[in-house]
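Undergrad: Here it is: the structure, laid out below.
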2 protein chains.
Amino acid sequence: MEVKANGPRAPGPALPGPTNPMVTPLLTDLYQFTMAYAYWKATKHQERAVFDLYFRRNPFGGEYTIFAGLEECIRFIANFRFTEADISFIHDSLPGSCENGFFDYLRGLDCSEVEVYAIPEGTVVFPKVPLMRIEGPVAVVQLLETPLVNLVNYASLVATNAARHRFVAGKSKLLLEFGLRRAQGPDGGIGASKYCYMGGFDATSNVAAGKLFGIPLRGTHSHAFVSSFMSPDEIIDKSLQCADGSRSCEDFVSLVQTWLNKIQHPMQRSKTLRGTFGETNQSELAAFTSYALAFPKSFLALVDTYDVMRSGIPNFCAVALALNDLGYKAGGVRLDSGDLAYLSCEVRKFFSVIEKEFGVASFGKMNITASNDLNEETLDALNKQGHEVDTFGIGTYLVTCFAQPALGCVFKLVEINNQPRIKLSEDVSKVSIPCKKRCYRLYGREGYALLDIMTGENEQAPKAGERILCRHPFSESKRAYVVPQKVEELLKCYWPGSSGKAREELPPLKDIRERCIEQLEQMRPDHMRRLNPTPYKVSVSTKLYDFIHFLWLNEAPVGELQ
Amino acid sequence: MEVKANGPRAPGPALPGPTNPMVTPLLTDLYQFTMAYAYWKATKHQERAVFDLYFRRNPFGGEYTIFAGLEECIRFIANFRFTEADISFIHDSLPGSCENGFFDYLRGLDCSEVEVYAIPEGTVVFPKVPLMRIEGPVAVVQLLETPLVNLVNYASLVATNAARHRFVAGKSKLLLEFGLRRAQGPDGGIGASKYCYMGGFDATSNVAAGKLFGIPLRGTHSHAFVSSFMSPDEIIDKSLQCADGSRSCEDFVSLVQTWLNKIQHPMQRSKTLRGTFGETNQSELAAFTSYALAFPKSFLALVDTYDVMRSGIPNFCAVALALNDLGYKAGGVRLDSGDLAYLSCEVRKFFSVIEKEFGVASFGKMNITASNDLNEETLDALNKQGHEVDTFGIGTYLVTCFAQPALGCVFKLVEINNQPRIKLSEDVSKVSIPCKKRCYRLYGREGYALLDIMTGENEQAPKAGERILCRHPFSESKRAYVVPQKVEELLKCYWPGSSGKAREELPPLKDIRERCIEQLEQMRPDHMRRLNPTPYKVSVSTKLYDFIHFLWLNEAPVGELQ
């Protein structure tokens, strides 16, 4: 049996391996190896197979999905090689009767005979349309199944979740991903940060993700920071230089105290805020003052450790006004509990009174960040109630995809040795669409995408201005003539193996993010709405339709009723 | 300000780093660094603080949780060090005004001044009781918060999910974790395999997890393997040696065909199975035959690609009987769709008829594995309907913890500079229990755990045979006298830093798994049942109760109604 020598890799610039070094060819299901052995034993391992990677249903009750994870897949494929330690472990995991030639085969294996076509990462995608089409020797492509599905599943799910949160929050809000501590493991956390950014978030709290992917970082302080202080008396170094460096305030602690006394008055006078606070919490005041001394240019405060309106906000304003005296502008506050709609409005009023009473320009526009178990529903509820939040910090529900924690991508054989294959099921939604296919997105007059259509590999491509019959793949009566204004071929070559074809570049994360945001904006609004969105149509050509049904009848056993 | 020299590590044998090399001191929230800087700037960073890591509610509507993730936490702590690249990135991520002395401080930082007490991994645990108590300089302990919570959250959640699946499936069934492709990222997959094994699963399909943790591996083949074949004609090497090596069957393919013809008869005669099949699918027959030629000693077949009873099972039996002629025992079948209760019973009948008709000993007891979107509910439904499944392969719902994808561990400051601290909240369940505490599990006469009790650090420990008043931490009227038969202190020293205390060993995964299974068996059944389980009691000593409420009144602002 063939022993492939360790040849040179496919041409083109070398790609780095996957972000997580644990993504190796062993990160796969055991049955991929038992199958590989059975293929090899039957001298069938080099038969050319085509697999489609796709999903069957959009997540979160929506009608769209963001495709993500492609770059990691290609980096994995580009570096696909077994080490001797891997091979020795596979050897020990398979029955002792397996022949040594198989392990020699694994020793020489790489993806130089594999070709991967894919939809660009960050594209809005739909059920049944292949996100990736992987073609190559059947044994090696099977070995790729589990890692590719793993890398695409969660990435696409969480990017979609991020896009949905962005949709509800609106374009003008800042969205921060705060999910690391609640994510499903370290890599769940790092993946979440990357793909939430891709799906439209603005920043993350996750420092490692910031370093790995260049995502902007954001953060304030925690409740523990506040309660670690006792009183302002414990602050030793009380001096703070002015923003312009002209002079130094020797006792910033007293300056804060002075402001705290001053703001009692207008608050008591103000109709809305009358008597909202007496003595504020001293640990909190000490913590805020210390934080401002450390970060005079970017003072942010978590204001709900004791009581937002009676302690946190007056303490924050006193520190912010003291900073203002020295030429610094405070950054804002964070609310992490309670009725966020109500509290944010009350806080805004308080800030406006301060602006008016003390003539501090734009104090009323101070940033208000809200966190605390936010999700699509709570964002929607906040919108309906009316709120004054500028920035949302979202964690658990976002990164664990609480509303639906798995996407369910599959990887199906559609052709082997040029023979189309179909996977049947009593459940029609689980029947696979056979054949090596081409996929197109057809655009209408208003620039919106009308539908996606799949054709056989060698069919003529749809043309702009030419009428084409688009058919539902499984429902005879569902069909429509379409005259596209623009036709876009979806699958591009991201891994040519050694075929000599050009390889699409893997764009930087920032560009993918922009593409994603643009794509979402170009979708017809009725596909995007949260309540009863219109399904986007996914169709096949008449030729492919006929072929699917020919093959189906051919493979399905005829029932016998007795 | 103090610059700590790079000192030697804490004594004791060196521990390896976390399994995932991406778990570094940068895998934390940015605010941990801003807080560390503010502490440092206030010369407060070395103040001795105590934090508790705990959760507030059991997951999945149950009344127990399995604590998991400890070993990874300790390995992280033991290797906690910043690289120059880390420090340079932190430098660039913080405001430019931050002083250089802080980065020198980070340069020298490790966990030699930190002490970690924890409940042994694999223990059944309950809300509010600290799983880990982390004591050390406030700045460094804060930096540990995010990674420790990340490492414990998902690990404990998925271990608990596994234990719940085991509880429903029963002890006699084999449980296989098949979730890698649907897990939340690569590490979600690897963590799932490890912690599902810990929670009572028997094996995984994940080869990388098998290699990393020594977990038994299991796998068969996929639908793609079946549909990659066309017909038995394509099998080239048809010979198979007998199990005892005595002779070789030159045409195994014909032997299989002979058996396929033979079994038509009894099936047609048998009352229950009359006429269940005509011609079976030829791709499937070819795939099964090839798989058997590759793995004659462990032939397993996925039987639902075309039609279980009309094609998959007759094909499987023909191959299994041909193997039997040569002295091999087939391993069994896997069902991956349809009505698993009904199908497994039909398959069992079919096997029994084969055993009786052809006198093949124990053919009727052939292993039946079921997979396809199984979860606690479907397992329960299968039990109620009656089924003949021996082995369950469980994926998506298990590893993504579909029913509740996040646990919600928190990390709260309970003491600083020997001053107890409390975190208040309008929601009583979110109020933290202050003080550095000791925790005990009290056992009753029948050997069951009665309740957990927390006391102040210096209180006398409860003693076997001595009556003690156990109080609900927040509800005055809920209290009970208990005379324990046995008292177990829960928190043990897993990281002594440089304190010189003895360090608990980190046991191998297999031992943790056994501990976990034992622990679950020792729980009172009413805490474990799926429907309306009885909450397990978590209490505090009278002294601690009084102190909590003294502190609470002290910190809470007094309301003013107008």
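Ligands are numbered from 1 in the order shown, residues from 1 within each chain, and chains are lettered A, B, ... in the order they appear in the structure tokens.
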Give one line per residue of chain A that approaches chain B to at most 6 Å, naming the two atoms of the closest pair and their distance in Å to one decimal, counting only C-alpha atoms; sort by chain then ascending residue number and deliver it as a Markdown table.

TA:
| residue | atom | partner | partner_atom | distance |
| --- | --- | --- | --- | --- |
| A:Leu26 | CA | B:Ala208 | CA | 4.9 |
| A:Leu27 | CA | B:Ala208 | CA | 4.9 |
| A:Thr28 | CA | B:Asn206 | CA | 5.7 |
| A:Asp29 | CA | B:Ser205 | CA | 4.8 |
| A:Leu30 | CA | B:Ser205 | CA | 5.2 |
| A:Tyr31 | CA | B:Gly219 | CA | 4.6 |
| A:Met35 | CA | B:His221 | CA | 6.0 |
| A:Ala38 | CA | B:Ala294 | CA | 5.1 |
| A:Thr146 | CA | B:Arg181 | CA | 5.2 |
| A:Val149 | CA | B:Arg181 | CA | 5.4 |
| A:Asn150 | CA | B:Arg181 | CA | 4.2 |
| A:Tyr154 | CA | B:Gln184 | CA | 5.1 |
| A:Arg181 | CA | B:Asn150 | CA | 4.2 |
| A:Arg182 | CA | B:Asn150 | CA | 5.9 |
| A:Gln184 | CA | B:Tyr154 | CA | 5.1 |
| A:Gly185 | CA | B:Gly188 | CA | 5.4 |
| A:Asp187 | CA | B:Asp187 | CA | 5.1 |
| A:Gly188 | CA | B:Gly185 | CA | 5.4 |
| A:Ser205 | CA | B:Asp29 | CA | 4.8 |
| A:Asn206 | CA | B:Asp29 | CA | 4.9 |
| A:Val207 | CA | B:Leu26 | CA | 5.6 |
| A:Ala208 | CA | B:Leu27 | CA | 4.9 |
| A:Gly219 | CA | B:Tyr31 | CA | 4.6 |
| A:Thr220 | CA | B:Tyr31 | CA | 5.1 |
| A:His221 | CA | B:Tyr31 | CA | 5.2 |
| A:Ala224 | CA | B:Leu413 | CA | 5.5 |
| A:Tyr291 | CA | B:Ala38 | CA | 5.6 |
| A:Ala294 | CA | B:Ala38 | CA | 5.1 |
| A:Thr400 | CA | B:Pro405 | CA | 6.0 |
| A:Phe402 | CA | B:Pro405 | CA | 5.8 |
| A:Pro405 | CA | B:Phe402 | CA | 5.8 |
| A:Leu413 | CA | B:Ala224 | CA | 5.5 |

Undergrad: Check segment 359-452 of chain B with DSSP on the backbone and list each residue it calls alpha helix (DSSP H), as a list in words.

TA: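 DSSP-assigned alpha helix (DSSP H) residues in segment 359-452 of chain B: Glu376, Glu377, Thr378, Leu379, Asp380, Ala381, Leu382, Asn383, Lys384, Gln385, Thr396, Tyr397, Leu398 and Val399 of chain B.
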
Undergrad: Please list as a list of chain:residue names every residue within 7 Å of Arg441 of chain A, counting only C-alpha atoms and excluding residues in the same chain fewer than 5 positions away.

TA: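 That gives A:Ala449, A:Leu451, A:Asp452, A:Ile453, A:Val487, A:Glu488, A:Glu489, A:Leu490.
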
Undergrad: Write the residues of the selection above to a file with N, CA and C atoms, as a compact mmCIF listing (two decimals), in the first residue's frame.

TA:
# COMPACT_ATOMS: atom_id res chain seq x y z
N ALA A 449 -30.36 41.26 -0.93
CA ALA A 449 -30.24 39.88 -1.40
C ALA A 449 -31.65 39.29 -1.51
N LEU A 451 -32.32 35.82 -2.82
CA LEU A 451 -32.25 34.42 -2.40
C LEU A 451 -30.90 33.84 -2.77
N ASP A 452 -30.61 32.66 -2.21
CA ASP A 452 -29.42 31.90 -2.60
C ASP A 452 -29.87 30.74 -3.48
N ILE A 453 -29.06 30.40 -4.46
CA ILE A 453 -29.39 29.25 -5.31
C ILE A 453 -28.15 28.36 -5.45
N VAL A 487 -25.33 39.03 -9.45
CA VAL A 487 -25.12 37.64 -9.03
C VAL A 487 -23.75 37.53 -8.37
N GLU A 488 -23.73 36.93 -7.19
CA GLU A 488 -22.46 36.79 -6.47
C GLU A 488 -22.19 35.32 -6.23
N GLU A 489 -21.05 34.83 -6.67
CA GLU A 489 -20.73 33.43 -6.36
C GLU A 489 -20.21 33.39 -4.92
N LEU A 490 -20.75 32.45 -4.12
CA LEU A 490 -20.47 32.49 -2.69
C LEU A 490 -19.19 31.74 -2.29

Undergrad: Report, in Å to a single decimal, how far apart atom CA of Leu143 of chain A and atom CA of Leu240 of chain B are.

TA: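 Separating atom CA of Leu240 of chain B from atom CA of Leu143 of chain A is a distance of 26.4 Å.
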
Undergrad: Just want the 9 Å neighbourhood of segment 363-378 of chain B, counted on only C-alpha atoms, with same-chain residues fewer than 4 positions away dropped. Output as a CSV table (one decimal) with C-alpha atoms, in the first residue's frame.

TA:
chain,number,residue,atom,x,y,z
B,161,ASN,CA,-24.6,17.5,33.9
B,164,ARG,CA,-27.3,13.9,36.2
B,165,HIS,CA,-27.3,12.0,32.9
B,166,ARG,CA,-25.7,9.0,34.7
B,167,PHE,CA,-28.4,9.2,37.4
B,168,VAL,CA,-31.2,8.9,34.8
B,169,ALA,CA,-29.4,6.3,32.7
B,174,LEU,CA,-22.4,2.5,29.4
B,178,PHE,CA,-19.7,12.3,21.8
B,329,LYS,CA,-17.7,-12.0,18.0
B,330,ALA,CA,-19.3,-8.8,16.6
B,331,GLY,CA,-19.4,-5.8,18.9
B,332,GLY,CA,-22.9,-4.4,18.2
B,333,VAL,CA,-24.9,-1.8,16.5
B,334,ARG,CA,-25.6,1.9,16.8
B,335,LEU,CA,-28.9,3.6,16.2
B,336,ASP,CA,-28.7,7.4,15.5
B,337,SER,CA,-32.3,8.4,14.5
B,338,GLY,CA,-35.9,7.4,14.9
B,340,LEU,CA,-35.0,4.7,19.9
B,344,SER,CA,-34.1,-0.9,20.2
B,347,VAL,CA,-33.6,-4.9,17.1
B,348,ARG,CA,-33.4,-7.0,20.3
B,349,LYS,CA,-36.1,-9.3,19.1
B,350,PHE,CA,-34.3,-9.7,15.8
B,351,PHE,CA,-31.1,-10.6,17.6
B,352,SER,CA,-33.0,-13.1,19.8
B,353,VAL,CA,-34.5,-14.8,16.8
B,354,ILE,CA,-31.1,-15.1,15.2
B,355,GLU,CA,-29.7,-16.6,18.5
B,356,LYS,CA,-32.5,-19.1,18.6
B,359,GLY,CA,-27.8,-21.4,17.9
B,382,LEU,CA,-36.8,6.0,27.1
B,383,ASN,CA,-36.9,4.5,30.6
B,388,GLU,CA,-33.2,-2.3,25.0
B,389,VAL,CA,-30.3,0.1,24.7
B,390,ASP,CA,-27.1,-0.9,26.5
B,391,THR,CA,-25.0,2.1,25.7
B,392,PHE,CA,-25.8,5.8,25.2
B,393,GLY,CA,-23.7,8.2,23.1
B,394,ILE,CA,-24.5,11.7,24.2
B,395,GLY,CA,-23.2,14.9,22.6
B,396,THR,CA,-24.7,18.4,22.1
B,397,TYR,CA,-27.0,18.5,25.2
B,398,LEU,CA,-24.4,17.1,27.5
B,402,PHE,CA,-28.1,23.0,26.9

Undergrad: Mind checking which residues fall within 6 Å of Val483 of chain A, counting only C-alpha atoms, ignoring those fewer than 4 positions away in the same chain, and posting them as a list in words?

TA: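 Near neighbours after the sequence-gap exclusion: Gly465, Glu466 and Arg467 of chain A.
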
Undergrad: Can you tell me which residues surround Ala118 of chain A at a distance of at most 7 Å, considering only C-alpha atoms, apart from same-chain residues fewer than 3 positions away, and format the answer as a list in words?

TA: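 Near Ala118 of chain A, the qualifying residues are Leu131, Met132, Arg133, Leu491, Lys492, Cys493 and Tyr494 of chain A.
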
Undergrad: Keeping only C-alpha atoms, write those residues as a PDB file, in the first residue's frame.

TA:
ATOM      1  CA  LEU A 131     -20.394  27.234   4.313  1.00  0.00           C
ATOM      2  CA  MET A 132     -17.412  25.151   3.293  1.00  0.00           C
ATOM      3  CA  ARG A 133     -16.954  22.547   0.589  1.00  0.00           C
ATOM      4  CA  LEU A 491     -17.824  29.772  -2.485  1.00  0.00           C
ATOM      5  CA  LYS A 492     -14.234  30.900  -2.984  1.00  0.00           C
ATOM      6  CA  CYS A 493     -11.034  28.914  -2.879  1.00  0.00           C
ATOM      7  CA  TYR A 494      -9.404  29.298   0.561  1.00  0.00           C
TER       8      TYR A 494
END

Undergrad: Name the residues of segment 470-521 of chain B that fall into strand (DSSP E) according to DSSP on the backbone, using the chain letters and numbers of this document, as a ChimeraX atom specification.

TA: /B:470-471,479-482,486-489,492-495
